[in-house]
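Structure data follow from work08.cif (mmCIF, C-alpha atoms):
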```
data_my_file
loop_
_atom_site.group_PDB
_atom_site.id
_atom_site.type_symbol
_atom_site.label_atom_id
_atom_site.label_comp_id
_atom_site.auth_asym_id
_atom_site.auth_seq_id
_atom_site.Cartn_x
_atom_site.Cartn_y
_atom_site.Cartn_z
ATOM 1 C CA MET A 1 70.618 116.406 126.551
ATOM 2 C CA LYS A 2 71.510 114.952 123.152
ATOM 3 C CA LYS A 3 73.641 118.016 122.445
ATOM 4 C CA ILE A 4 75.526 117.630 125.729
ATOM 5 C CA THR A 5 76.044 113.911 125.075
ATOM 6 C CA PHE A 6 77.431 114.668 121.578
ATOM 7 C CA ILE A 7 79.866 117.248 122.972
ATOM 8 C CA LEU A 8 81.077 114.812 125.633
ATOM 9 C CA ILE A 9 81.610 112.076 123.028
ATOM 10 C CA ALA A 10 83.539 114.504 120.823
ATOM 11 C CA LEU A 11 85.732 115.596 123.719
ATOM 12 C CA ILE A 12 86.420 112.005 124.734
ATOM 13 C CA THR A 13 87.261 111.084 121.120
ATOM 14 C CA PHE A 14 89.616 114.052 120.822
ATOM 15 C CA SER A 15 91.238 113.151 124.131
ATOM 16 C CA VAL A 16 91.770 109.544 123.053
ATOM 17 C CA SER A 17 93.191 110.675 119.686
ATOM 18 C CA ALA A 18 95.550 113.078 121.413
ATOM 19 C CA GLN A 19 96.697 110.353 123.769
ATOM 20 C CA LYS A 20 97.554 108.137 120.791
ATOM 21 C CA LYS A 21 100.309 110.505 119.665
ATOM 22 C CA LYS A 22 103.701 109.302 120.768
ATOM 23 C CA LYS A 23 106.945 111.117 120.140
ATOM 24 C CA ASN A 24 109.673 108.913 118.713
ATOM 25 C CA GLY A 25 112.575 111.285 118.354
ATOM 26 C CA THR A 26 113.593 114.699 117.087
ATOM 27 C CA VAL A 27 114.057 116.246 113.634
ATOM 28 C CA TYR A 28 116.965 118.670 113.158
ATOM 29 C CA VAL A 29 117.645 121.138 110.366
ATOM 30 C CA ASP A 30 121.223 121.635 111.570
ATOM 31 C CA HIS A 31 123.165 118.586 112.689
ATOM 32 C CA PRO A 32 126.697 117.133 112.457
ATOM 33 C CA GLY A 33 125.209 114.252 110.463
ATOM 34 C CA ILE A 34 124.056 116.652 107.742
ATOM 35 C CA GLU A 35 127.549 118.119 107.600
ATOM 36 C CA LEU A 36 128.951 114.593 107.252
ATOM 37 C CA VAL A 37 126.641 113.833 104.314
ATOM 38 C CA ASN A 38 127.616 117.114 102.641
ATOM 39 C CA SER A 39 131.274 116.154 103.028
ATOM 40 C CA PHE A 40 130.485 112.726 101.625
ATOM 41 C CA ASN A 41 128.851 114.212 98.491
ATOM 42 C CA LYS A 42 131.800 116.532 97.925
ATOM 43 C CA ALA A 43 134.226 113.641 98.269
ATOM 44 C CA PHE A 44 132.137 111.481 95.919
ATOM 45 C CA VAL A 45 132.153 114.150 93.182
ATOM 46 C CA GLU A 46 135.900 114.701 93.562
ATOM 47 C CA ALA A 47 136.670 110.964 93.856
ATOM 48 C CA ASP A 48 138.487 111.707 97.106
ATOM 49 C CA VAL A 49 139.176 108.086 98.002
ATOM 50 C CA ASP A 50 140.782 108.828 101.360
ATOM 51 C CA LYS A 51 137.875 111.008 102.465
ATOM 52 C CA LEU A 52 135.289 108.480 101.325
ATOM 53 C CA SER A 53 137.156 105.689 103.090
ATOM 54 C CA SER A 54 137.099 107.658 106.329
ATOM 55 C CA ILE A 55 133.375 108.497 106.072
ATOM 56 C CA LEU A 56 132.013 105.109 105.005
ATOM 57 C CA HIS A 57 131.853 102.347 107.598
ATOM 58 C CA ASP A 58 133.798 99.212 106.697
ATOM 59 C CA ASP A 59 130.498 97.307 106.507
ATOM 60 C CA PHE A 60 128.790 100.066 104.502
ATOM 61 C CA LYS A 61 126.082 99.035 102.047
ATOM 62 C CA ALA A 62 124.192 101.094 99.452
ATOM 63 C CA PHE A 63 120.811 99.858 98.235
ATOM 64 C CA ASN A 64 118.599 100.692 95.280
ATOM 65 C CA ALA A 65 115.437 101.539 97.183
ATOM 66 C CA LEU A 66 113.317 101.272 94.019
ATOM 67 C CA SER A 67 114.391 97.713 93.254
ATOM 68 C CA SER A 68 111.906 94.884 93.721
ATOM 69 C CA ASN A 69 114.740 92.359 94.044
ATOM 70 C CA LYS A 70 114.187 90.676 97.396
ATOM 71 C CA LYS A 71 117.696 89.177 97.268
ATOM 72 C CA GLN A 72 119.449 92.524 96.806
ATOM 73 C CA VAL A 73 122.754 92.411 98.683
ATOM 74 C CA GLY A 74 123.671 96.054 98.223
ATOM 75 C CA THR A 75 126.836 97.784 97.057
ATOM 76 C CA SER A 76 129.895 97.402 99.277
ATOM 77 C CA LYS A 77 132.196 100.178 100.431
ATOM 78 C CA THR A 78 134.905 99.214 97.946
ATOM 79 C CA ALA A 79 132.465 99.031 95.031
ATOM 80 C CA PHE A 80 130.825 102.322 95.985
ATOM 81 C CA ILE A 81 134.173 104.115 96.053
ATOM 82 C CA GLY A 82 134.819 102.563 92.642
ATOM 83 C CA GLN A 83 131.588 104.167 91.418
ATOM 84 C CA SER A 84 132.870 107.548 92.603
ATOM 85 C CA LYS A 85 136.068 107.097 90.599
ATOM 86 C CA TRP A 86 134.073 106.081 87.528
ATOM 87 C CA TRP A 87 131.776 109.117 87.713
ATOM 88 C CA ASN A 88 134.709 111.449 88.219
ATOM 89 C CA ALA A 89 136.565 110.003 85.223
ATOM 90 C CA ASN A 90 133.618 109.680 82.833
ATOM 91 C CA ILE A 91 131.268 112.573 83.638
ATOM 92 C CA ASP A 92 131.931 116.200 82.729
ATOM 93 C CA TYR A 93 130.485 119.054 84.825
ATOM 94 C CA PHE A 94 129.630 116.547 87.565
ATOM 95 C CA LYS A 95 127.962 118.028 90.637
ATOM 96 C CA ILE A 96 125.502 117.111 93.377
ATOM 97 C CA SER A 97 123.482 120.037 94.699
ATOM 98 C CA GLN A 98 120.570 120.592 97.046
ATOM 99 C CA ASP A 99 117.274 120.374 95.188
ATOM 100 C CA SER A 100 115.727 123.625 96.411
ATOM 101 C CA PRO A 101 113.371 124.440 98.006
ATOM 102 C CA ALA A 102 113.865 121.100 99.760
ATOM 103 C CA TYR A 103 116.495 120.785 102.472
ATOM 104 C CA PRO A 104 118.032 117.866 104.399
ATOM 105 C CA ASP A 105 116.739 116.590 107.732
ATOM 106 C CA ALA A 106 118.521 114.783 110.530
ATOM 107 C CA ILE A 107 116.242 112.469 112.492
ATOM 108 C CA GLU A 108 117.303 111.038 115.848
ATOM 109 C CA TYR A 109 114.883 108.221 116.582
ATOM 110 C CA LYS A 110 114.139 107.404 120.194
ATOM 111 C CA GLN A 111 113.120 103.836 119.388
ATOM 112 C CA GLY A 112 116.215 101.901 118.399
ATOM 113 C CA GLY A 113 118.437 104.932 118.911
ATOM 114 C CA GLN A 114 118.989 105.311 115.166
ATOM 115 C CA LEU A 115 120.263 108.407 113.369
ATOM 116 C CA TRP A 116 119.075 108.993 109.800
ATOM 117 C CA ILE A 117 119.750 111.807 107.349
ATOM 118 C CA GLN A 118 117.295 112.312 104.494
ATOM 119 C CA THR A 119 118.193 114.493 101.523
ATOM 120 C CA TRP A 120 116.617 115.771 98.310
ATOM 121 C CA GLU A 121 119.333 116.566 95.799
ATOM 122 C CA ASN A 122 119.999 116.994 92.098
ATOM 123 C CA VAL A 123 122.712 115.197 90.157
ATOM 124 C CA TYR A 124 124.073 116.936 87.069
ATOM 125 C CA GLY A 125 126.671 115.838 84.545
ATOM 126 C CA VAL A 126 127.333 114.967 80.904
ATOM 127 C CA ASN A 127 128.786 111.597 79.949
ATOM 128 C CA LYS A 128 132.061 112.076 78.069
ATOM 129 C CA GLN A 129 131.617 109.096 75.755
ATOM 130 C CA THR A 130 127.990 109.577 74.668
ATOM 131 C CA GLY A 131 127.008 113.167 75.441
ATOM 132 C CA VAL A 132 124.013 111.915 77.445
ATOM 133 C CA GLU A 133 123.032 114.539 80.014
ATOM 134 C CA PHE A 134 122.168 113.666 83.598
ATOM 135 C CA ASP A 135 119.948 116.245 85.275
ATOM 136 C CA MET A 136 117.897 114.303 87.761
ATOM 137 C CA PRO A 137 116.507 114.594 91.266
ATOM 138 C CA ILE A 138 117.548 111.989 93.811
ATOM 139 C CA HIS A 139 116.199 111.220 97.254
ATOM 140 C CA ARG A 140 118.506 109.471 99.698
ATOM 141 C CA LEU A 141 118.295 108.103 103.219
ATOM 142 C CA TYR A 142 121.553 107.702 105.133
ATOM 143 C CA MET A 143 121.843 105.717 108.337
ATOM 144 C CA LEU A 144 124.737 106.994 110.471
ATOM 145 C CA ASN A 145 126.374 105.784 113.649
ATOM 146 C CA LYS A 146 125.289 107.541 116.858
ATOM 147 C CA GLU A 147 128.355 109.796 116.815
ATOM 148 C CA ALA A 148 127.511 110.999 113.270
ATOM 149 C CA THR A 149 131.011 110.125 112.079
ATOM 150 C CA LYS A 150 130.292 107.151 109.794
ATOM 151 C CA ILE A 151 127.701 106.286 107.139
ATOM 152 C CA LEU A 152 126.426 102.756 107.692
ATOM 153 C CA TYR A 153 123.722 102.406 105.029
ATOM 154 C CA LEU A 154 122.430 104.363 102.071
ATOM 155 C CA GLN A 155 118.977 103.938 100.530
ATOM 156 C CA ASP A 156 118.936 105.519 97.065
ATOM 157 C CA TYR A 157 115.751 106.553 95.239
ATOM 158 C CA THR A 158 116.902 107.429 91.700
ATOM 159 C CA ASP A 159 115.293 107.184 88.262
ATOM 160 C CA ARG A 160 117.805 105.023 86.416
ATOM 161 C CA SER A 161 116.373 105.521 82.911
ATOM 162 C CA ASN A 162 119.211 107.942 82.086
ATOM 163 C CA TYR A 163 121.704 105.194 82.860
ATOM 164 C CA ARG A 164 120.019 102.982 80.276
ATOM 165 C CA ARG A 165 120.172 105.788 77.711
ATOM 166 C CA MET A 166 123.887 106.159 78.334
ATOM 167 C CA TRP A 167 124.670 102.449 78.059
ATOM 168 C CA ASP A 168 122.500 102.110 74.939
ATOM 169 C CA ALA A 169 124.466 104.954 73.319
ATOM 170 C CA TRP A 170 127.877 103.655 74.375
ATOM 171 C CA PRO A 171 130.520 103.628 71.595
ATOM 172 C CA SER A 172 130.592 100.360 69.610
ATOM 173 C CA ARG A 173 126.909 99.791 70.392
ATOM 174 C CA ASP A 174 125.698 101.296 67.118
ATOM 175 C CA ARG A 175 122.128 100.318 66.376
ATOM 176 C CA GLU A 176 119.929 100.847 63.344
ATOM 177 C CA ASN A 177 116.546 102.411 64.028
ATOM 178 C CA GLY A 178 114.501 101.833 60.917
ATOM 179 C CA THR A 179 114.635 102.761 57.259
ATOM 180 C CA ILE A 180 114.915 106.032 55.311
ATOM 181 C CA TYR A 181 113.024 106.269 52.016
ATOM 182 C CA ILE A 182 113.584 108.772 49.228
ATOM 183 C CA ASN A 183 110.338 107.674 47.545
ATOM 184 C CA HIS A 184 107.244 106.637 49.497
ATOM 185 C CA GLU A 185 103.484 107.114 49.446
ATOM 186 C CA ASN A 186 103.658 109.284 52.560
ATOM 187 C CA ILE A 187 106.094 111.603 50.753
ATOM 188 C CA ASN A 188 103.598 111.773 47.899
ATOM 189 C CA THR A 189 100.905 112.736 50.399
ATOM 190 C CA VAL A 190 102.941 115.686 51.655
ATOM 191 C CA ARG A 191 103.431 116.913 48.090
ATOM 192 C CA LYS A 192 99.690 116.603 47.458
ATOM 193 C CA VAL A 193 99.021 118.672 50.593
ATOM 194 C CA LEU A 194 101.287 121.484 49.442
ATOM 195 C CA TYR A 195 100.270 121.667 45.800
ATOM 196 C CA SER A 196 96.530 121.318 46.376
ATOM 197 C CA PHE A 197 96.836 124.266 48.753
ATOM 198 C CA LEU A 198 98.850 126.237 46.177
ATOM 199 C CA ASN A 199 96.071 125.706 43.646
ATOM 200 C CA GLY A 200 93.320 126.785 46.025
ATOM 201 C CA ASP A 201 91.896 123.301 46.630
ATOM 202 C CA THR A 202 91.842 123.597 50.418
ATOM 203 C CA GLU A 203 89.236 120.851 50.825
ATOM 204 C CA LYS A 204 91.577 118.333 49.236
ATOM 205 C CA CYS A 205 94.564 119.756 51.132
ATOM 206 C CA TYR A 206 92.997 119.345 54.574
ATOM 207 C CA SER A 207 91.584 115.896 53.717
ATOM 208 C CA PHE A 208 95.051 114.378 54.125
ATOM 209 C CA PHE A 209 95.074 115.296 57.833
ATOM 210 C CA HIS A 210 93.395 113.271 60.550
ATOM 211 C CA GLU A 211 90.408 115.122 61.998
ATOM 212 C CA ASN A 212 92.147 115.229 65.388
ATOM 213 C CA SER A 213 95.543 116.212 64.024
ATOM 214 C CA THR A 214 97.604 118.815 65.873
ATOM 215 C CA PHE A 215 100.122 121.400 64.733
ATOM 216 C CA GLU A 216 103.188 122.812 66.446
ATOM 217 C CA ASP A 217 104.470 126.047 64.922
ATOM 218 C CA ILE A 218 107.801 127.424 66.146
ATOM 219 C CA ASN A 219 106.237 130.896 65.987
ATOM 220 C CA GLU A 220 103.265 129.999 68.205
ATOM 221 C CA THR A 221 103.073 129.419 71.941
ATOM 222 C CA GLU A 222 100.094 127.048 71.788
ATOM 223 C CA ILE A 223 99.479 123.762 70.007
ATOM 224 C CA LEU A 224 96.974 124.291 67.182
ATOM 225 C CA THR A 225 94.089 122.139 65.956
ATOM 226 C CA LEU A 226 93.095 121.533 62.343
ATOM 227 C CA ASP A 227 90.322 124.131 62.700
ATOM 228 C CA ASP A 228 92.855 126.618 64.078
ATOM 229 C CA ILE A 229 95.054 126.050 61.023
ATOM 230 C CA LYS A 230 92.146 126.487 58.624
ATOM 231 C CA ASN A 231 91.221 129.813 60.222
ATOM 232 C CA ARG A 232 94.829 130.995 60.334
ATOM 233 C CA ASP A 233 95.454 130.088 56.695
ATOM 234 C CA LYS A 234 92.318 131.963 55.668
ATOM 235 C CA GLU A 235 93.441 135.049 57.577
ATOM 236 C CA MET A 236 97.048 134.914 56.328
ATOM 237 C CA PHE A 237 96.149 134.543 52.661
ATOM 238 C CA SER A 238 93.665 137.350 52.795
ATOM 239 C CA VAL A 239 96.786 139.520 53.160
ATOM 240 C CA TRP A 240 99.293 137.561 51.061
ATOM 241 C CA ASN A 241 99.266 135.893 47.662
ATOM 242 C CA LEU A 242 100.963 132.512 47.420
ATOM 243 C CA ASP A 243 102.900 132.675 44.150
ATOM 244 C CA SER A 244 104.681 129.319 44.225
ATOM 245 C CA ILE A 245 105.885 126.487 46.442
ATOM 246 C CA ASP A 246 109.179 124.875 45.476
ATOM 247 C CA GLU A 247 110.821 121.799 46.943
ATOM 248 C CA SER A 248 114.222 122.516 48.450
ATOM 249 C CA GLY A 249 116.480 119.492 48.177
ATOM 250 C CA TYR A 250 114.408 116.346 48.591
ATOM 251 C CA PRO A 251 112.101 114.987 51.312
ATOM 252 C CA ASP A 252 112.853 111.958 53.486
ATOM 253 C CA TYR A 253 110.442 109.417 54.887
ATOM 254 C CA LEU A 254 111.716 107.847 58.109
ATOM 255 C CA GLU A 255 110.099 104.637 59.289
ATOM 256 C CA TYR A 256 111.459 104.115 62.785
ATOM 257 C CA ASP A 257 111.722 100.800 64.605
ATOM 258 C CA TRP A 258 111.637 102.642 67.932
ATOM 259 C CA LEU A 259 107.978 103.326 68.781
ATOM 260 C CA GLU A 260 107.148 102.505 65.131
ATOM 261 C CA SER A 261 107.046 106.222 64.274
ATOM 262 C CA LYS A 262 106.439 107.310 60.685
ATOM 263 C CA VAL A 263 107.760 110.760 59.763
ATOM 264 C CA VAL A 264 108.190 112.730 56.547
ATOM 265 C CA GLN A 265 110.583 115.658 56.757
ATOM 266 C CA SER A 266 110.534 118.085 53.851
ATOM 267 C CA TRP A 267 111.996 121.482 52.966
ATOM 268 C CA TRP A 268 110.203 124.124 50.893
ATOM 269 C CA ASN A 269 110.475 127.674 49.560
ATOM 270 C CA PHE A 270 107.214 129.601 49.777
ATOM 271 C CA ARG A 271 107.256 132.594 47.398
ATOM 272 C CA MET A 272 104.687 135.145 48.508
ATOM 273 C CA THR A 273 103.574 138.686 47.638
ATOM 274 C CA ARG A 274 101.829 141.017 50.066
ATOM 275 C CA LYS A 275 98.664 142.383 48.503
ATOM 276 C CA SER A 276 98.871 145.859 50.024
ATOM 277 C CA ASP A 277 102.279 146.924 48.715
ATOM 278 C CA GLU A 278 103.520 144.120 46.422
ATOM 279 C CA LYS A 279 106.299 143.220 48.880
ATOM 280 C CA LYS A 280 107.804 139.872 47.901
ATOM 281 C CA VAL A 281 109.285 137.358 50.337
ATOM 282 C CA VAL A 282 110.691 133.842 50.184
ATOM 283 C CA ILE A 283 109.858 131.826 53.297
ATOM 284 C CA LYS A 284 112.031 128.765 53.870
ATOM 285 C CA VAL A 285 109.964 126.117 55.642
ATOM 286 C CA LEU A 286 110.724 122.759 57.242
ATOM 287 C CA PHE A 287 107.745 120.460 57.792
ATOM 288 C CA MET A 288 107.915 117.311 59.890
ATOM 289 C CA ASP A 289 104.753 115.260 59.446
ATOM 290 C CA ASP A 290 103.847 112.300 61.659
ATOM 291 C CA PHE A 291 101.671 109.664 59.970
ATOM 292 C CA ASP A 292 99.358 107.007 61.350
ATOM 293 C CA ASN A 293 99.059 103.496 59.922
ATOM 294 C CA ASP A 294 96.258 104.615 57.595
ATOM 295 C CA GLY A 295 98.402 107.230 55.872
ATOM 296 C CA LYS A 296 96.819 110.247 57.575
ATOM 297 C CA ILE A 297 98.923 113.080 58.987
ATOM 298 C CA ILE A 298 98.341 113.159 62.738
ATOM 299 C CA LYS A 299 100.842 115.863 63.689
ATOM 300 C CA ARG A 300 102.735 118.553 61.823
ATOM 301 C CA TYR A 301 105.749 120.497 63.084
ATOM 302 C CA MET A 302 106.465 123.769 61.256
ATOM 303 C CA TYR A 303 109.763 125.649 61.318
ATOM 304 C CA TYR A 304 110.137 129.003 59.538
ATOM 305 C CA ASN A 305 110.944 132.670 60.184
ATOM 306 C CA GLY A 306 107.543 134.172 60.933
ATOM 307 C CA SER A 307 108.960 137.689 61.282
ATOM 308 C CA LEU A 308 109.264 137.860 57.467
ATOM 309 C CA LEU A 309 105.479 138.064 57.314
ATOM 310 C CA ASN A 310 105.290 141.197 59.467
#
```
Take the structure from the file and write it as structure tokens.
Amino acid sequence: MKKITFILIALITFSVSAQKKKKNGTVYVDHPGIELVNSFNKAFVEADVDKLSSILHDDFKAFNALSSNKKQVGTSKTAFIGQSKWWNANIDYFKISQDSPAYPDAIEYKQGGQLWIQTWENVYGVNKQTGVEFDMPIHRLYMLNKEATKILYLQDYTDRSNYRRMWDAWPSRDRENGTIYINHENINTVRKVLYSFLNGDTEKCYSFFHENSTFEDINETEILTLDDIKNRDKEMFSVWNLDSIDESGYPDYLEYDWLESKVVQSWWNFRMTRKSDEKKVVIKVLFMDDFDNDGKIIKRYMYYNGSLLN
């Protein structure tokens, strides 16, 4: 009896849930409204003022859908067409393309009789003045008239951080970003690392690195830990002798204002001899060492031609 009662309750619940569903329109993958939006994007890229004027309703408004400004009044038709002209004049390689595998939808709502087009696209271009690249996904909602001949509203979901990068880099807005040192304690630390290693004092060499330091080697596909480096060094120098390490040029210590980064970049010539056949090589190396506030190296980037060691 309990089993029968449970089944009846489940059926009733399912029936009630099913009855709660209410269709409120139709979604189309092909629709004149989608064609209109495609024409609009083409006209925007080309700054086709006449075409844009014919597509946008006189009372058209575009809104930043990510803005928290409750008093946002939107961008007018005239201003929006002005934006098209600006992009066309100031952006090289400008294009708006479908962000595959997504595709646009046309939604005809029953309630309110509204027609909306939603798109997932990608904007690409390079600003002529600054060289800042735009390569960003955008999601847009377009409200059209019932005849699908005019765009009434546009809701734009775009990450605007690239815009800030462009305006920050605009000509005449030069900005200092810290100080470069030719002599500094962190430069001394890098020298100590190299020459303690050259003289076989690996304990001292590795002591200048933070215990959780990481290493990025242009010849490796994975980020390495300090233990990985110790093991790799041991393996490498069982095959090669390290004859000398010579500074090439001079190192720089860069103390950045932005993010308060602390970096030593240094160039070296590693002179090495292979034990098996006395083959001699000179490996040119660039190190970029990130330091913490305590003077420990927390990350090392290594650039060199690893094929010379084959």
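Proximity ranking of A:Ser100, A:Asn145, A:Thr130, A:Thr26 relative to Leu56 in chain A places A:Asn145 first, based on all atoms listed in the file.
We find CA of Ala148 in chain A and CA of Gln83 in chain A to be spaced 23.3 Å apart.
For the structure in this document, the set picked by the PyMOL selection byres ((chain A and resi 254) around 9) is Gly178, Thr179, Ile180, Tyr181, Asp252, Tyr253, Glu255, Tyr256, Ser261, Lys262, Val263, Val264 and Gln265 of chain A.
CA of Ile187 in chain A sits 23.4 Å away from CA of Asp227 in chain A.
Here the PyMOL selection byres ((chain A and resi 302) around 12) captures the residues Thr214, Phe215, Glu216, Asp217, Ile218, Asn219, Glu220, Ile223, Leu224, Ile229, Gln265, Ser266, Trp267, Trp268, Ile283, Lys284, Val285, Leu286, Phe287, Met288, Asp289, Asp290, Lys299, Arg300, Tyr301, Tyr303, Tyr304, Asn305 and Gly306 of chain A.
Run against this file, the PyMOL selection byres ((chain A and resi 153) around 7) gives back Phe60, Lys61, Ala62, Tyr142, Met143, Ile151, Leu152, Leu154 and Gln155 of chain A.
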Task: Test item: residues at most 12 Å from Glu147 in chain A, only C-alpha atoms, excluding those fewer than 3 positions along its chain, as a list in words - done: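 So, after excluding close chain neighbours, the residues are His31, Pro32, Gly33, Leu36, Ile55, Glu108, Gly113, Gln114, Leu115, Trp116, Met143, Leu144, Lys150, Ile151 and Leu152 of chain A.
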Kindly provide, as a tab-separated table (two decimals) with C-alpha atoms, in the coordinates of the input, the polymer residues lying within 12 Å of (102.9, 141.8, 50.1), counting only C-alpha atoms and using the coordinates exactly as they appear in the file.
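Writing done, so here's result29.tsv:
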```
chain	number	residue	atom	x	y	z
A	236	MET	CA	97.05	134.91	56.33
A	237	PHE	CA	96.15	134.54	52.66
A	238	SER	CA	93.66	137.35	52.80
A	239	VAL	CA	96.79	139.52	53.16
A	240	TRP	CA	99.29	137.56	51.06
A	241	ASN	CA	99.27	135.89	47.66
A	242	LEU	CA	100.96	132.51	47.42
A	243	ASP	CA	102.90	132.68	44.15
A	271	ARG	CA	107.26	132.59	47.40
A	272	MET	CA	104.69	135.15	48.51
A	273	THR	CA	103.57	138.69	47.64
A	274	ARG	CA	101.83	141.02	50.07
A	275	LYS	CA	98.66	142.38	48.50
A	276	SER	CA	98.87	145.86	50.02
A	277	ASP	CA	102.28	146.92	48.72
A	278	GLU	CA	103.52	144.12	46.42
A	279	LYS	CA	106.30	143.22	48.88
A	280	LYS	CA	107.80	139.87	47.90
A	281	VAL	CA	109.28	137.36	50.34
A	282	VAL	CA	110.69	133.84	50.18
A	308	LEU	CA	109.26	137.86	57.47
A	309	LEU	CA	105.48	138.06	57.31
A	310	ASN	CA	105.29	141.20	59.47
```
Open item on the list: So, with all atoms listed in the file as the atoms that count, which of A:Asp92, A:Val27, A:Asp156, A:Asn293 lies closest to Thr75 in chain A?
Closed with: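 Looking only at the distances to Thr75 in chain A, the closest residue turns out to be A:Asp156.
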Task: Which of A:Ser53, A:Ser68, A:Gln118, A:Thr158 sits closest to Ala102 in chain A [using all atoms listed in the file] - done: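 Nearest to Ala102 in chain A: A:Gln118.
If you look at CA of His57 in chain A and CA of Phe44 in chain A, they are 14.8 Å away from each other.
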Task: Contact residues around Thr202 in chain A with only C-alpha atoms at 12 Å, ignoring same-chain residues under 2 positions, as a PyMOL selection string - done: chain A and resi 192-200+204-209+229-231+233-234+237
Open item on the list: Give me the residues near Met166 in chain A as a ChimeraX atom specification, where near means some atom within 12 Å (using all atoms listed in the file) and where sequence neighbours in that chain fewer than 2 positions away do not count.
Closed with: /A:90-91,125-134,160-164,168-171,173
- [ ] Write out as a list in words which residues come within 8 Å of Gly25 in chain A when counting only C-alpha atoms, dropping same-chain ones fewer than 6 positions away.
- [x] Ile107, Glu108, Tyr109, Lys110 and Gln111 of chain A
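Nearest to Tyr93 in chain A of all the residues A:Asn188, A:Glu121, A:His210, A:Val45 is A:Val45, based on all atoms listed in the file.
Using only C-alpha atoms for every distance, the candidate list A:Phe40, A:Trp120, A:Tyr250, A:Phe80 yields A:Trp120 as the residue closest to Asp105 in chain A.
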